>>> print(open('start_37.cif').read())   # mmCIF, C-alpha atoms
data_target
loop_
_atom_site.label_atom_id
_atom_site.label_comp_id
_atom_site.auth_asym_id
_atom_site.auth_seq_id
_atom_site.Cartn_x
_atom_site.Cartn_y
_atom_site.Cartn_z
CA MET A 1 12.44 7.60 -33.26
CA GLN A 2 15.21 5.92 -35.23
CA ARG A 3 16.78 4.85 -31.98
CA ILE A 4 13.56 3.34 -30.72
CA ILE A 5 13.16 1.38 -33.95
CA ASN A 6 16.78 0.26 -33.75
CA ALA A 7 16.25 -0.92 -30.21
CA LEU A 8 13.08 -2.74 -31.23
CA VAL A 9 14.92 -4.47 -34.06
CA GLN A 10 17.83 -5.34 -31.85
CA PHE A 11 15.67 -6.84 -29.13
CA ARG A 12 13.03 -8.29 -31.43
CA ASN A 13 13.49 -11.83 -30.20
CA PRO A 14 12.86 -11.18 -26.49
CA ILE A 15 10.01 -8.85 -27.41
CA ILE A 16 8.37 -11.42 -29.64
CA TYR A 17 8.99 -14.07 -27.04
CA LEU A 18 7.28 -12.07 -24.32
CA PHE A 19 4.44 -11.13 -26.64
CA LEU A 20 3.78 -14.72 -27.65
CA MET A 21 4.15 -15.81 -24.03
CA GLY A 22 1.43 -13.35 -23.08
CA ILE A 23 -0.81 -14.74 -25.81
CA SER A 24 -0.23 -18.31 -24.66
CA LEU A 25 -0.91 -17.38 -21.05
CA PHE A 26 -4.13 -15.82 -22.24
CA PHE A 27 -5.06 -19.02 -24.07
CA LEU A 28 -4.11 -21.03 -21.01
CA SER A 29 -6.27 -18.98 -18.69
CA SER A 30 -9.22 -18.89 -21.06
CA ARG A 31 -9.17 -22.65 -21.47
CA SER A 32 -8.71 -23.78 -17.90
CA SER A 33 -10.32 -22.22 -14.87
CA PHE A 34 -7.66 -23.74 -12.62
CA HIS A 35 -4.92 -21.88 -14.45
CA GLN A 36 -7.06 -18.78 -14.61
CA ASN A 37 -7.49 -18.90 -10.87
CA LYS A 38 -3.77 -19.42 -10.31
CA LEU A 39 -2.81 -16.62 -12.66
CA GLU A 40 -5.31 -14.30 -11.07
CA LYS A 41 -3.84 -15.04 -7.66
CA PHE A 42 -0.39 -14.32 -8.94
CA SER A 43 -1.44 -11.10 -10.62
CA LEU A 44 -3.30 -10.10 -7.48
CA TYR A 45 -0.20 -10.66 -5.41
CA PHE A 46 1.92 -8.79 -7.91
CA SER A 47 -0.41 -5.86 -8.37
CA SER A 48 -1.16 -5.55 -4.67
CA SER A 49 2.50 -5.36 -3.76
CA LEU A 50 3.02 -2.83 -6.53
CA TYR A 51 0.11 -0.73 -5.34
CA ASP A 52 1.29 -1.06 -1.76
CA PHE A 53 4.58 0.42 -2.80
CA SER A 54 3.09 3.27 -4.80
CA ASN A 55 0.54 3.87 -2.09
CA SER A 56 3.21 4.25 0.56
CA ILE A 57 4.91 6.90 -1.56
CA ASP A 58 1.60 8.60 -2.29
CA GLN A 59 0.73 8.66 1.36
CA TYR A 60 4.00 10.35 2.19
CA PHE A 61 3.22 13.17 -0.20
CA ASN A 62 -0.37 13.38 1.00
CA LEU A 63 0.59 13.63 4.65
CA LYS A 64 -0.09 17.33 4.85
CA GLU A 65 -3.51 16.97 3.31
CA LYS A 66 -4.26 13.99 5.53
CA ASN A 67 -3.22 15.98 8.60
CA GLN A 68 -5.56 18.76 7.58
CA LEU A 69 -8.42 16.31 7.19
CA LEU A 70 -7.67 14.73 10.53
CA ILE A 71 -7.57 18.09 12.25
CA GLU A 72 -10.93 18.97 10.74
CA GLU A 73 -12.36 15.65 11.83
CA ASN A 74 -10.89 16.16 15.27
CA SER A 75 -12.52 19.53 15.63
CA ARG A 76 -15.84 18.03 14.64
CA LEU A 77 -15.42 15.24 17.18
CA LYS A 78 -14.26 17.73 19.76
CA SER A 79 -17.45 19.70 19.38
CA ILE A 80 -19.49 16.51 19.75
CA ALA A 81 -17.53 15.53 22.87
CA LEU A 82 -17.96 18.95 24.40
CA LYS A 83 -21.63 18.88 23.56
CA ALA A 84 -21.91 15.55 25.34
CA ASN A 85 -20.18 17.03 28.38
CA ALA A 86 -22.52 19.96 28.53
CA PRO A 87 -25.00 19.74 31.41
CA PHE A 88 -28.54 18.59 30.89
CA LEU A 89 -30.05 21.75 32.16
CA TYR A 90 -33.40 21.20 30.56
CA ASP A 91 -34.59 18.19 28.68
CA SER A 92 -36.19 20.41 26.10
CA PHE A 93 -32.75 21.79 25.17
CA MET A 94 -31.68 18.46 23.73
CA GLY A 95 -30.50 18.92 20.19
CA LYS A 96 -31.00 22.67 20.31
CA SER A 97 -28.18 25.10 19.77
CA LYS A 98 -28.65 26.42 23.29
CA ARG A 99 -27.31 23.22 24.78
CA PHE A 100 -23.86 23.84 23.36
CA PRO A 101 -23.77 27.32 21.88
CA PHE A 102 -20.13 27.12 20.71
CA LYS A 103 -18.54 27.21 17.29
CA ILE A 104 -15.15 25.47 16.87
CA ILE A 105 -12.31 26.62 14.60
CA ASN A 106 -9.01 24.77 14.55
CA VAL A 107 -5.81 26.80 14.44
CA ASN A 108 -2.05 26.26 14.38
CA ILE A 109 0.16 27.84 17.00
CA ILE A 110 3.04 29.71 15.44
CA LYS A 111 4.62 31.23 18.55
CA ASN A 112 4.47 30.04 22.10
CA SER A 113 6.45 30.76 25.26
CA PHE A 114 6.53 30.07 28.99
CA LEU A 115 9.64 31.98 30.04
CA ASN A 116 7.91 35.25 30.93
CA GLN A 117 5.47 35.85 33.72
CA ARG A 118 2.92 37.07 31.20
CA ASN A 119 3.02 34.90 28.10
CA TYR A 120 1.26 35.37 24.79
CA ILE A 121 0.66 32.96 21.95
CA LEU A 122 0.29 33.70 18.25
CA ILE A 123 -1.93 31.67 15.95
CA ASP A 124 -2.08 31.54 12.18
CA GLN A 125 -5.69 32.54 11.66
CA GLY A 126 -7.46 35.82 12.11
CA SER A 127 -10.63 37.74 11.45
CA GLU A 128 -10.83 36.39 7.89
CA ASP A 129 -11.21 32.90 9.32
CA GLY A 130 -13.89 33.97 11.76
CA ILE A 131 -11.80 34.40 14.89
CA GLN A 132 -13.04 37.10 17.22
CA PRO A 133 -11.43 38.65 20.27
CA GLU A 134 -12.54 37.50 23.73
CA THR A 135 -13.05 33.87 22.75
CA GLY A 136 -11.66 30.82 24.50
CA VAL A 137 -8.91 28.60 23.12
CA ILE A 138 -8.68 24.92 24.06
CA THR A 139 -6.36 22.10 23.10
CA SER A 140 -7.01 18.42 22.62
CA ASN A 141 -6.37 17.78 26.31
CA GLY A 142 -7.00 21.00 28.16
CA ILE A 143 -7.36 24.71 27.81
CA LEU A 144 -4.87 27.18 26.38
CA GLY A 145 -6.04 30.73 26.84
CA ILE A 146 -8.24 33.55 25.59
CA VAL A 147 -7.98 35.42 22.30
CA LYS A 148 -6.83 38.96 22.98
CA SER A 149 -6.53 40.78 19.67
CA VAL A 150 -7.14 39.77 16.11
CA THR A 151 -5.67 41.00 12.84
CA LYS A 152 -6.68 39.93 9.36
CA ASN A 153 -4.65 36.72 9.29
CA HIS A 154 -3.32 36.28 12.81
CA ALA A 155 -4.46 36.50 16.37
CA SER A 156 -2.75 36.77 19.73
CA ILE A 157 -3.84 34.77 22.72
CA ILE A 158 -3.35 35.42 26.40
CA SER A 159 -1.86 32.14 27.48
CA ILE A 160 -3.05 30.54 30.69
CA LEU A 161 0.63 30.93 31.60
CA HIS A 162 -0.18 34.53 32.43
CA GLN A 163 -0.25 35.63 36.03
CA ASP A 164 -3.14 38.03 35.60
CA LEU A 165 -5.46 35.51 34.03
CA LYS A 166 -7.84 33.83 36.39
CA ILE A 167 -9.85 30.91 35.16
CA ASN A 168 -13.02 29.74 36.77
CA VAL A 169 -12.71 26.03 37.60
CA ARG A 170 -14.74 23.27 39.19
CA PHE A 171 -14.02 19.71 40.21
CA LYS A 172 -15.50 16.73 38.53
CA ASN A 173 -18.47 15.40 40.53
CA ARG A 174 -17.98 18.05 43.28
CA THR A 175 -19.85 21.23 43.94
CA ALA A 176 -16.85 23.39 44.95
CA PHE A 177 -15.44 25.92 42.55
CA GLY A 178 -12.59 28.40 42.55
CA SER A 179 -10.30 30.32 40.27
CA MET A 180 -7.01 29.10 38.88
CA VAL A 181 -3.82 31.10 38.41
CA TRP A 182 -0.41 30.13 37.09
CA LYS A 183 2.30 29.89 39.74
CA GLY A 184 4.86 31.34 37.36
CA LEU A 185 7.58 28.69 37.10
CA ASP A 186 6.57 25.24 35.91
CA PRO A 187 4.24 25.52 32.90
CA VAL A 188 2.01 22.75 34.23
CA GLU A 189 1.78 23.89 37.89
CA PHE A 190 -1.14 26.05 38.89
CA ARG A 191 -2.65 27.39 42.07
CA ILE A 192 -6.39 27.32 42.76
CA ASP A 193 -7.75 30.05 45.04
CA ASP A 194 -11.00 30.79 46.77
CA ILE A 195 -12.01 27.32 47.83
CA VAL A 196 -13.43 27.36 51.33
CA SER A 197 -12.06 24.69 53.64
CA SER A 198 -15.47 23.20 54.20
CA SER A 199 -15.60 21.98 50.60
CA ASN A 200 -15.34 18.24 50.06
CA ILE A 201 -12.45 18.03 47.61
CA GLU A 202 -9.74 15.41 47.68
CA LEU A 203 -6.28 14.84 46.30
CA GLY A 204 -6.41 13.58 42.71
CA ASP A 205 -9.73 15.18 41.82
CA THR A 206 -10.08 16.13 38.19
CA ILE A 207 -10.30 19.82 37.44
CA VAL A 208 -12.81 20.94 34.82
CA THR A 209 -13.74 24.32 33.47
CA GLY A 210 -16.44 26.01 35.47
CA GLY A 211 -18.61 27.38 32.68
CA MET A 212 -19.21 30.66 34.53
CA SER A 213 -17.74 32.80 31.80
CA SER A 214 -18.57 33.12 28.17
CA PHE A 215 -15.10 31.81 27.24
CA PHE A 216 -15.20 28.12 28.07
CA PRO A 217 -18.10 25.74 28.18
CA PHE A 218 -18.69 23.76 31.34
CA GLY A 219 -16.84 20.53 31.89
CA ILE A 220 -13.63 20.45 29.87
CA PRO A 221 -11.24 18.35 32.00
CA PHE A 222 -7.69 19.66 32.02
CA GLY A 223 -5.80 18.74 35.21
CA THR A 224 -5.72 17.10 38.64
CA ILE A 225 -5.11 18.22 42.21
CA THR A 226 -1.59 17.30 43.32
CA GLU A 227 -1.30 19.11 46.66
CA LEU A 228 -3.99 20.03 49.13
CA ASP A 229 -3.41 22.02 52.35
CA LYS A 230 -5.80 23.69 54.73
CA ASP A 231 -4.84 27.20 55.68
CA SER A 232 -6.29 27.55 59.20
CA ASP A 233 -5.84 31.33 59.26
CA SER A 234 -7.87 32.25 56.22
CA GLY A 235 -10.25 29.31 56.09
CA TYR A 236 -9.41 28.51 52.50
CA PHE A 237 -7.71 25.55 50.88
CA ILE A 238 -4.29 25.95 49.34
CA VAL A 239 -4.59 23.82 46.22
CA THR A 240 -1.83 23.02 43.73
CA ALA A 241 -2.97 21.64 40.40
CA LYS A 242 -1.13 19.97 37.57
CA LEU A 243 -2.29 20.17 33.94
CA PHE A 244 -2.63 17.13 31.71
CA GLN A 245 -0.90 18.85 28.84
CA ASN A 246 1.94 21.33 28.82
CA PRO A 247 0.48 24.49 27.24
CA ALA A 248 3.95 25.53 26.11
CA GLN A 249 4.30 22.44 23.97
CA THR A 250 1.12 22.39 21.96
CA TYR A 251 1.01 23.04 18.26
CA ASN A 252 -2.67 22.73 17.43
CA ALA A 253 -5.55 24.36 19.23
CA TYR A 254 -9.27 25.00 18.83
CA VAL A 255 -10.79 28.43 19.17
CA ILE A 256 -14.27 28.13 20.62
CA ASP A 257 -16.61 30.96 19.97
CA ASN A 258 -19.69 31.39 22.14
CA ASN A 259 -22.70 32.25 20.02
CA PHE A 260 -24.34 34.05 22.93
CA LYS A 261 -21.24 36.03 23.86
CA GLU A 262 -22.86 39.41 23.13
CA GLU A 263 -25.89 38.63 25.22
CA ILE A 264 -23.77 37.53 28.16
CA GLU A 265 -21.57 40.61 27.90
CA LEU A 266 -24.60 42.85 27.73
CA LEU A 267 -25.98 41.31 30.89
CA ASN A 268 -22.62 41.61 32.61
CA LYS A 269 -22.42 45.27 31.70
CA GLU A 270 -25.88 45.98 32.99
CA GLU A 271 -25.02 44.30 36.23
CA ARG A 272 -22.02 46.55 36.71
CA LYS A 273 -23.98 49.73 36.24
CA MET B 1 9.20 -20.42 -51.27
CA ASN B 2 12.58 -22.04 -51.08
CA PRO B 3 13.02 -25.79 -50.68
CA ILE B 4 14.11 -25.54 -47.05
CA ASN B 5 10.89 -23.82 -46.03
CA LEU B 6 8.81 -26.21 -48.08
CA LYS B 7 10.50 -29.17 -46.49
CA SER B 8 9.99 -27.62 -43.06
CA LEU B 9 6.31 -27.13 -43.74
CA ALA B 10 5.85 -30.72 -44.79
CA LEU B 11 7.74 -31.91 -41.74
CA PHE B 12 5.65 -29.62 -39.56
CA VAL B 13 2.35 -31.03 -40.76
CA LEU B 14 3.59 -34.57 -40.55
CA ILE B 15 5.00 -34.22 -37.06
CA VAL B 16 1.98 -32.44 -35.64
CA LEU B 17 -0.34 -35.07 -37.04
CA ALA B 18 1.87 -37.88 -35.78
CA GLN B 19 2.02 -36.32 -32.33
CA VAL B 20 -1.68 -35.79 -32.03
CA LEU B 21 -2.94 -38.97 -33.66
CA ILE B 22 -0.35 -41.46 -32.46
CA PHE B 23 1.86 -40.34 -29.61
CA ASN B 24 -0.77 -38.51 -27.59
CA GLN B 25 -2.78 -41.74 -27.43
CA MET B 26 0.02 -43.89 -26.09
CA ASN B 27 -0.46 -43.40 -22.32
CA LEU B 28 2.52 -45.57 -21.41
CA PHE B 29 2.18 -46.70 -17.77
CA GLY B 30 -0.95 -44.62 -17.64
CA PHE B 31 0.51 -41.16 -18.03
CA ILE B 32 3.52 -41.03 -20.36
CA ASN B 33 2.86 -39.43 -23.72
CA PRO B 34 6.19 -38.87 -25.47
CA MET B 35 6.44 -35.57 -27.25
CA ILE B 36 8.06 -36.13 -30.56
CA TYR B 37 6.99 -32.80 -32.06
CA LEU B 38 10.14 -31.43 -30.50
CA LEU B 39 11.91 -33.17 -33.35
CA PHE B 40 10.72 -30.37 -35.58
CA LEU B 41 12.26 -27.74 -33.33
CA ILE B 42 15.49 -29.75 -33.05
CA LEU B 43 15.89 -30.41 -36.76
CA TYR B 44 15.20 -26.84 -37.78
CA ARG B 45 18.42 -25.41 -39.18
CA PHE B 46 20.60 -23.59 -36.71
CA ASP B 47 21.62 -20.82 -39.09
CA GLN B 48 18.10 -19.67 -40.02
CA ASN B 49 16.20 -16.63 -38.81
CA GLN B 50 15.73 -16.82 -35.05
CA THR B 51 12.68 -14.52 -35.01
CA LEU B 52 10.86 -16.78 -37.45
CA PHE B 53 11.90 -19.75 -35.37
CA ILE B 54 10.30 -18.32 -32.25
CA PHE B 55 7.07 -17.91 -34.20
CA MET B 56 7.32 -21.45 -35.46
CA GLY B 57 7.92 -22.78 -31.97
CA PHE B 58 4.85 -20.97 -30.75
CA LEU B 59 2.80 -22.17 -33.69
CA THR B 60 3.87 -25.79 -33.23
CA GLY B 61 2.98 -25.77 -29.57
CA TYR B 62 -0.29 -24.00 -30.21
CA MET B 63 -1.29 -26.47 -32.91
CA ILE B 64 -0.68 -29.35 -30.51
CA ASP B 65 -2.63 -27.47 -27.85
CA ILE B 66 -5.63 -26.97 -30.12
CA MET B 67 -5.73 -30.59 -31.12
CA SER B 68 -5.09 -32.10 -27.70
CA GLN B 69 -7.18 -29.71 -25.54
CA THR B 70 -4.35 -28.64 -23.25
CA GLY B 71 -4.97 -24.91 -23.19
CA GLY B 72 -1.56 -23.31 -23.63
CA ALA B 73 0.92 -25.59 -21.92
CA HIS B 74 2.52 -26.93 -25.12
CA ALA B 75 2.60 -23.44 -26.60
CA ILE B 76 4.35 -21.96 -23.59
CA ALA B 77 6.85 -24.79 -23.32
CA SER B 78 7.81 -24.91 -26.99
CA LEU B 79 7.83 -21.11 -27.28
CA SER B 80 10.22 -20.85 -24.33
CA VAL B 81 12.41 -23.64 -25.57
CA SER B 82 12.63 -22.14 -29.06
CA TYR B 83 13.53 -18.80 -27.56
CA LEU B 84 16.20 -20.50 -25.44
CA ARG B 85 17.54 -22.68 -28.27
CA PRO B 86 20.46 -20.39 -29.26
CA PHE B 87 21.66 -20.35 -25.65
CA ILE B 88 21.41 -24.12 -25.41
CA ILE B 89 23.26 -24.51 -28.70
CA ARG B 90 26.00 -22.16 -27.60
CA ASN B 91 26.42 -23.96 -24.29
CA THR B 92 26.42 -27.47 -25.70
CA PHE B 93 28.32 -27.10 -28.96
CA GLY B 94 30.79 -24.64 -27.53
CA ILE B 95 31.20 -20.92 -28.04
CA THR B 96 34.56 -20.90 -29.77
CA ALA B 97 33.98 -23.87 -32.03
CA GLU B 98 32.24 -23.36 -35.34
CA LEU B 99 28.53 -23.74 -34.86
CA PRO B 100 26.96 -26.51 -36.92
CA LYS B 101 24.44 -25.56 -39.57
CA SER B 102 21.87 -28.01 -38.30
CA PHE B 103 21.48 -30.79 -35.80
CA ASN B 104 22.17 -33.52 -38.31
CA SER B 105 25.21 -31.94 -39.92
CA ASP B 106 27.28 -32.17 -36.78
CA LEU B 107 29.20 -35.29 -36.00
CA ARG B 108 30.10 -34.78 -32.33
CA THR B 109 27.96 -37.35 -30.59
CA LEU B 110 28.55 -36.16 -27.04
CA ASN B 111 27.66 -32.55 -27.82
CA LYS B 112 24.64 -33.64 -29.80
CA SER B 113 23.34 -35.84 -27.00
CA ILE B 114 23.87 -33.13 -24.37
CA PHE B 115 22.03 -30.70 -26.59
CA LEU B 116 19.21 -33.17 -27.12
CA VAL B 117 18.88 -34.02 -23.43
CA SER B 118 18.93 -30.42 -22.21
CA PHE B 119 16.55 -29.24 -24.94
CA VAL B 120 13.99 -31.95 -24.25
CA PHE B 121 14.42 -31.69 -20.49
CA VAL B 122 13.87 -27.93 -20.40
CA HIS B 123 10.81 -28.28 -22.60
CA HIS B 124 9.29 -30.99 -20.47
CA LEU B 125 10.04 -29.19 -17.24
CA ILE B 126 8.28 -26.06 -18.46
CA TYR B 127 5.42 -28.11 -19.89
CA PHE B 128 4.75 -30.02 -16.68
CA PHE B 129 5.20 -26.95 -14.56
CA VAL B 130 2.59 -25.08 -16.57
CA LEU B 131 0.34 -28.14 -16.56
CA TYR B 132 0.28 -28.49 -12.78
CA PHE B 133 1.08 -24.84 -12.03
CA SER B 134 1.55 -25.28 -8.30
CA TRP B 135 4.49 -25.76 -5.97
CA ASP B 136 2.52 -28.40 -4.10
CA ALA B 137 2.72 -30.67 -7.13
CA ILE B 138 6.52 -30.40 -7.44
CA LEU B 139 6.98 -34.17 -7.04
CA LEU B 140 4.42 -34.91 -9.71
CA ILE B 141 6.09 -32.35 -11.97
CA LEU B 142 9.53 -33.90 -11.50
CA LYS B 143 8.24 -37.44 -11.94
CA GLY B 144 6.41 -36.53 -15.13
CA THR B 145 9.37 -34.56 -16.43
CA PHE B 146 11.98 -37.29 -15.93
CA LEU B 147 9.94 -40.22 -17.17
CA THR B 148 8.48 -38.44 -20.18
CA THR B 149 11.88 -37.00 -21.07
CA LEU B 150 13.28 -40.50 -21.11
CA PHE B 151 10.66 -41.82 -23.51
CA SER B 152 10.65 -38.71 -25.68
CA LEU B 153 14.42 -38.98 -26.01
CA ILE B 154 14.26 -42.61 -27.04
CA LEU B 155 11.65 -41.89 -29.69
CA ILE B 156 13.42 -38.75 -30.93
CA LEU B 157 16.69 -40.65 -31.25
CA ILE B 158 14.99 -43.37 -33.25
CA LEU B 159 13.29 -40.83 -35.51
CA THR B 160 16.44 -38.73 -36.07
CA SER B 161 18.24 -41.82 -37.30
CA PHE B 162 15.67 -42.00 -40.11
CA SER B 163 16.29 -38.50 -41.41
CA ARG B 164 19.21 -38.00 -43.75
CA PRO B 165 22.01 -35.69 -42.67
CA THR B 166 21.71 -32.31 -44.38
CA LYS B 167 24.78 -30.92 -46.03
#
>>> encode(input="start_37.cif", output="structure tokens")
Amino acid sequence: MQRIINALVQFRNPIIYLFLMGISLFFLSSRSSFHQNKLEKFSLYFSSSLYDFSNSIDQYFNLKEKNQLLIEENSRLKSIALKANAPFLYDSFMGKSKRFPFKIINVNIIKNSFLNQRNYILIDQGSEDGIQPETGVITSNGILGIVKSVTKNHASIISILHQDLKINVRFKNRTAFGSMVWKGLDPVEFRIDDIVSSSNIELGDTIVTGGMSSFFPFGIPFGTITELDKDSDSGYFIVTAKLFQNPAQTYNAYVIDNNFKEEIELLNKEERK
Amino acid sequence: MNPINLKSLALFVLIVLAQVLIFNQMNLFGFINPMIYLLFLILYRFDQNQTLFIFMGFLTGYMIDIMSQTGGAHAIASLSVSYLRPFIIRNTFGITAELPKSFNSDLRTLNKSIFLVSFVFVHHLIYFFVLYFSWDAILLILKGTFLTTLFSLILILILTSFSRPTK
């Protein structure tokens, strides 16, 4: 305290000068609107640059929070986009939950690989966050896999880079469909089987999910056809596809949970009997 | 109240009235109003309390402002110049030499005139800058500063020759 008073006494002249200067500026601005305007402009410039500076620091510290918000917003938009992609089966389904019966949860990938022939992915959310086994996982620009098993806080996913996983696919604006399997080397190169050679597909067609399973909704685009050969012996196409996004290099994903999964499984079971 | 303060007060009232009633009405060449109230700030003794002097500078300027409807331009200019006075004194009368007790007690004409010119010039520069308050008017500011400084200096020199040297 003594020091503060000493400093005040020592610098009393500049302090008084600044104080009186402030008073005179106040008088000046209250008397003349021209000066008031000028001073306001100056203070606006000064305060805005100050706030710009503090804001840039603030933003740096808020980045994590901002990211979280953006991811949430993304998942909301994703669900809207997927809903828009869903087929207009019946007009009366518009706006009903049946049109797009999926729930979207965004997750972070904590372990990913593409070096094995059968790859698995770990994510940082589990049953506590509403993730259930046997649900599809998509990314912002494609599909990633299917949830295999779930613990309280984590879940493991069968990556689409898994040679036993077959995914039902279609082509945008075509009627043909087939099933897609990883070739095993390049994480973006896939083979599509079971397309009869009479189908009208062409090089460069966009591949979308087929919607014939409870995992993925119809119409998520995720790759293009890069090679197309007719195998005259079997009567099937040999199709090589390339994904838009490398599944081994994604860090965020969305788990999509079909609300009617149980019903579909029940029907499937009955069929098998 | 000691005689110095009493004398200062009388001088203060006299100078403010003279400034407002006479010199602010001059309008030489249409725009020059010499500011002789600076005389008060110049004649104030150099060895007195600086803090009080800053207050007095502010008060002088503010009085002129109130009576001549100029907002705060005089107050800002004379406040700044009274805050800067010790620096001007040190730079014009020399750091090593013994500082004079007041403006009139010193006999070095050159130093006195440099002090006078820089003091009045700084005041006028600040005054006109605050008055126009825009970089676009820089030519007007400089014109007003130089011409008014000239006339203020002439009048201040005449008026200082009336006052007796203090011992």
>>> atom_distance(input="start_37.cif", atom1="CA of Thr135 (chain A)", atom2="CA of Pro217 (chain A)")
11.0 Å
>>> interface_residues(input="start_37.cif", of="chain B", to="chain A", cutoff="12 Å", atoms="all atoms listed in the file", output="NGL selection string")
:B and (49-59 or 61-63 or 65-66 or 69-86 or 127 or 129-135)
>>> residues_near_point(input="start_37.cif", point="(-13.8, 18.9, 34.4)", cutoff="9 Å", atoms="all atoms listed in the file", output="list in words")
Asn85, Val169, Arg170, Phe171, Lys172, Asn173, Thr206, Ile207, Val208, Thr209, Gly210, Phe218, Gly219, Ile220, Pro221, Phe222 and Gly223 of chain A
>>> write_last_selection(input="start_37.cif", atoms="C-alpha atoms", output="mmCIF file, in the frame of the given file")
data_model
loop_
_atom_site.group_PDB
_atom_site.id
_atom_site.type_symbol
_atom_site.label_atom_id
_atom_site.label_comp_id
_atom_site.auth_asym_id
_atom_site.auth_seq_id
_atom_site.Cartn_x
_atom_site.Cartn_y
_atom_site.Cartn_z
ATOM 1 C CA ASN A 85 -20.180 17.030 28.380
ATOM 2 C CA VAL A 169 -12.710 26.030 37.600
ATOM 3 C CA ARG A 170 -14.740 23.270 39.190
ATOM 4 C CA PHE A 171 -14.020 19.710 40.210
ATOM 5 C CA LYS A 172 -15.500 16.730 38.530
ATOM 6 C CA ASN A 173 -18.470 15.400 40.530
ATOM 7 C CA THR A 206 -10.080 16.130 38.190
ATOM 8 C CA ILE A 207 -10.300 19.820 37.440
ATOM 9 C CA VAL A 208 -12.810 20.940 34.820
ATOM 10 C CA THR A 209 -13.740 24.320 33.470
ATOM 11 C CA GLY A 210 -16.440 26.010 35.470
ATOM 12 C CA PHE A 218 -18.690 23.760 31.340
ATOM 13 C CA GLY A 219 -16.840 20.530 31.890
ATOM 14 C CA ILE A 220 -13.630 20.450 29.870
ATOM 15 C CA PRO A 221 -11.240 18.350 32.000
ATOM 16 C CA PHE A 222 -7.690 19.660 32.020
ATOM 17 C CA GLY A 223 -5.800 18.740 35.210
#
>>> closest_residue(input="start_37.cif", among="A:Ser214, A:Ser197, A:Ser43, A:Asn37", to="Phe177 (chain A)", atoms="only C-alpha atoms")
A:Ser197
>>> resolve_selection(input="start_37.cif", expression="the PyMOL selection byres ((chain B and resi 28) around 12)", output="ChimeraX atom specification")
/B:23-27,29-34,144,147-148,150-152
>>> residues_around(input="start_37.cif", residues="Asn153 (chain A)", least_positions_apart="6", cutoff="9 Å", atoms="all atoms listed in the file", output="list in words")
Ile123, Asp124, Gln125, Gly126, Ser127, Glu128 and Asp129 of chain A
>>> atom_distance(input="start_37.cif", atom1="CA of Ala176 (chain A)", atom2="CA of Ser234 (chain A)")
16.9 Å
>>> residues_around(input="start_37.cif", residues="Arg191 (chain A)", least_positions_apart="6", cutoff="12 Å", atoms="all atoms listed in the file", output="PDB file with C-alpha atoms, in the frame of the given file")
ATOM      1  CA  ILE A 160      -3.050  30.540  30.690  1.00  0.00           C
ATOM      2  CA  LEU A 161       0.630  30.930  31.600  1.00  0.00           C
ATOM      3  CA  GLN A 163      -0.250  35.630  36.030  1.00  0.00           C
ATOM      4  CA  LEU A 165      -5.460  35.510  34.030  1.00  0.00           C
ATOM      5  CA  LYS A 166      -7.840  33.830  36.390  1.00  0.00           C
ATOM      6  CA  ILE A 167      -9.850  30.910  35.160  1.00  0.00           C
ATOM      7  CA  ASN A 168     -13.020  29.740  36.770  1.00  0.00           C
ATOM      8  CA  VAL A 169     -12.710  26.030  37.600  1.00  0.00           C
ATOM      9  CA  GLY A 178     -12.590  28.400  42.550  1.00  0.00           C
ATOM     10  CA  SER A 179     -10.300  30.320  40.270  1.00  0.00           C
ATOM     11  CA  MET A 180      -7.010  29.100  38.880  1.00  0.00           C
ATOM     12  CA  VAL A 181      -3.820  31.100  38.410  1.00  0.00           C
ATOM     13  CA  TRP A 182      -0.410  30.130  37.090  1.00  0.00           C
ATOM     14  CA  LYS A 183       2.300  29.890  39.740  1.00  0.00           C
ATOM     15  CA  GLY A 184       4.860  31.340  37.360  1.00  0.00           C
ATOM     16  CA  LEU A 185       7.580  28.690  37.100  1.00  0.00           C
ATOM     17  CA  ILE A 207     -10.300  19.820  37.440  1.00  0.00           C
ATOM     18  CA  GLY A 223      -5.800  18.740  35.210  1.00  0.00           C
ATOM     19  CA  THR A 224      -5.720  17.100  38.640  1.00  0.00           C
ATOM     20  CA  ILE A 225      -5.110  18.220  42.210  1.00  0.00           C
ATOM     21  CA  THR A 226      -1.590  17.300  43.320  1.00  0.00           C
ATOM     22  CA  GLU A 227      -1.300  19.110  46.660  1.00  0.00           C
ATOM     23  CA  LEU A 228      -3.990  20.030  49.130  1.00  0.00           C
ATOM     24  CA  ASP A 229      -3.410  22.020  52.350  1.00  0.00           C
ATOM     25  CA  PHE A 237      -7.710  25.550  50.880  1.00  0.00           C
ATOM     26  CA  ILE A 238      -4.290  25.950  49.340  1.00  0.00           C
ATOM     27  CA  VAL A 239      -4.590  23.820  46.220  1.00  0.00           C
ATOM     28  CA  THR A 240      -1.830  23.020  43.730  1.00  0.00           C
ATOM     29  CA  ALA A 241      -2.970  21.640  40.400  1.00  0.00           C
ATOM     30  CA  LYS A 242      -1.130  19.970  37.570  1.00  0.00           C
ATOM     31  CA  LEU A 243      -2.290  20.170  33.940  1.00  0.00           C
TER      32      LEU A 243
END
>>> closest_residue(input="start_37.cif", among="B:Leu11, B:Met67, B:Leu39, B:Ile126", to="Asn104 (chain B)", atoms="only C-alpha atoms")
B:Leu39
>>> resolve_selection(input="start_37.cif", expression="the PyMOL selection byres ((chain B and resi 92) around 8)", output="tab-separated table (two decimals) with C-alpha atoms, keeping the file's coordinate frame")
chain	number	residue	atom	x	y	z
B	88	ILE	CA	21.41	-24.12	-25.41
B	89	ILE	CA	23.26	-24.51	-28.70
B	90	ARG	CA	26.00	-22.16	-27.60
B	91	ASN	CA	26.42	-23.96	-24.29
B	93	PHE	CA	28.32	-27.10	-28.96
B	94	GLY	CA	30.79	-24.64	-27.53
B	111	ASN	CA	27.66	-32.55	-27.82
B	112	LYS	CA	24.64	-33.64	-29.80
B	114	ILE	CA	23.87	-33.13	-24.37
B	115	PHE	CA	22.03	-30.70	-26.59
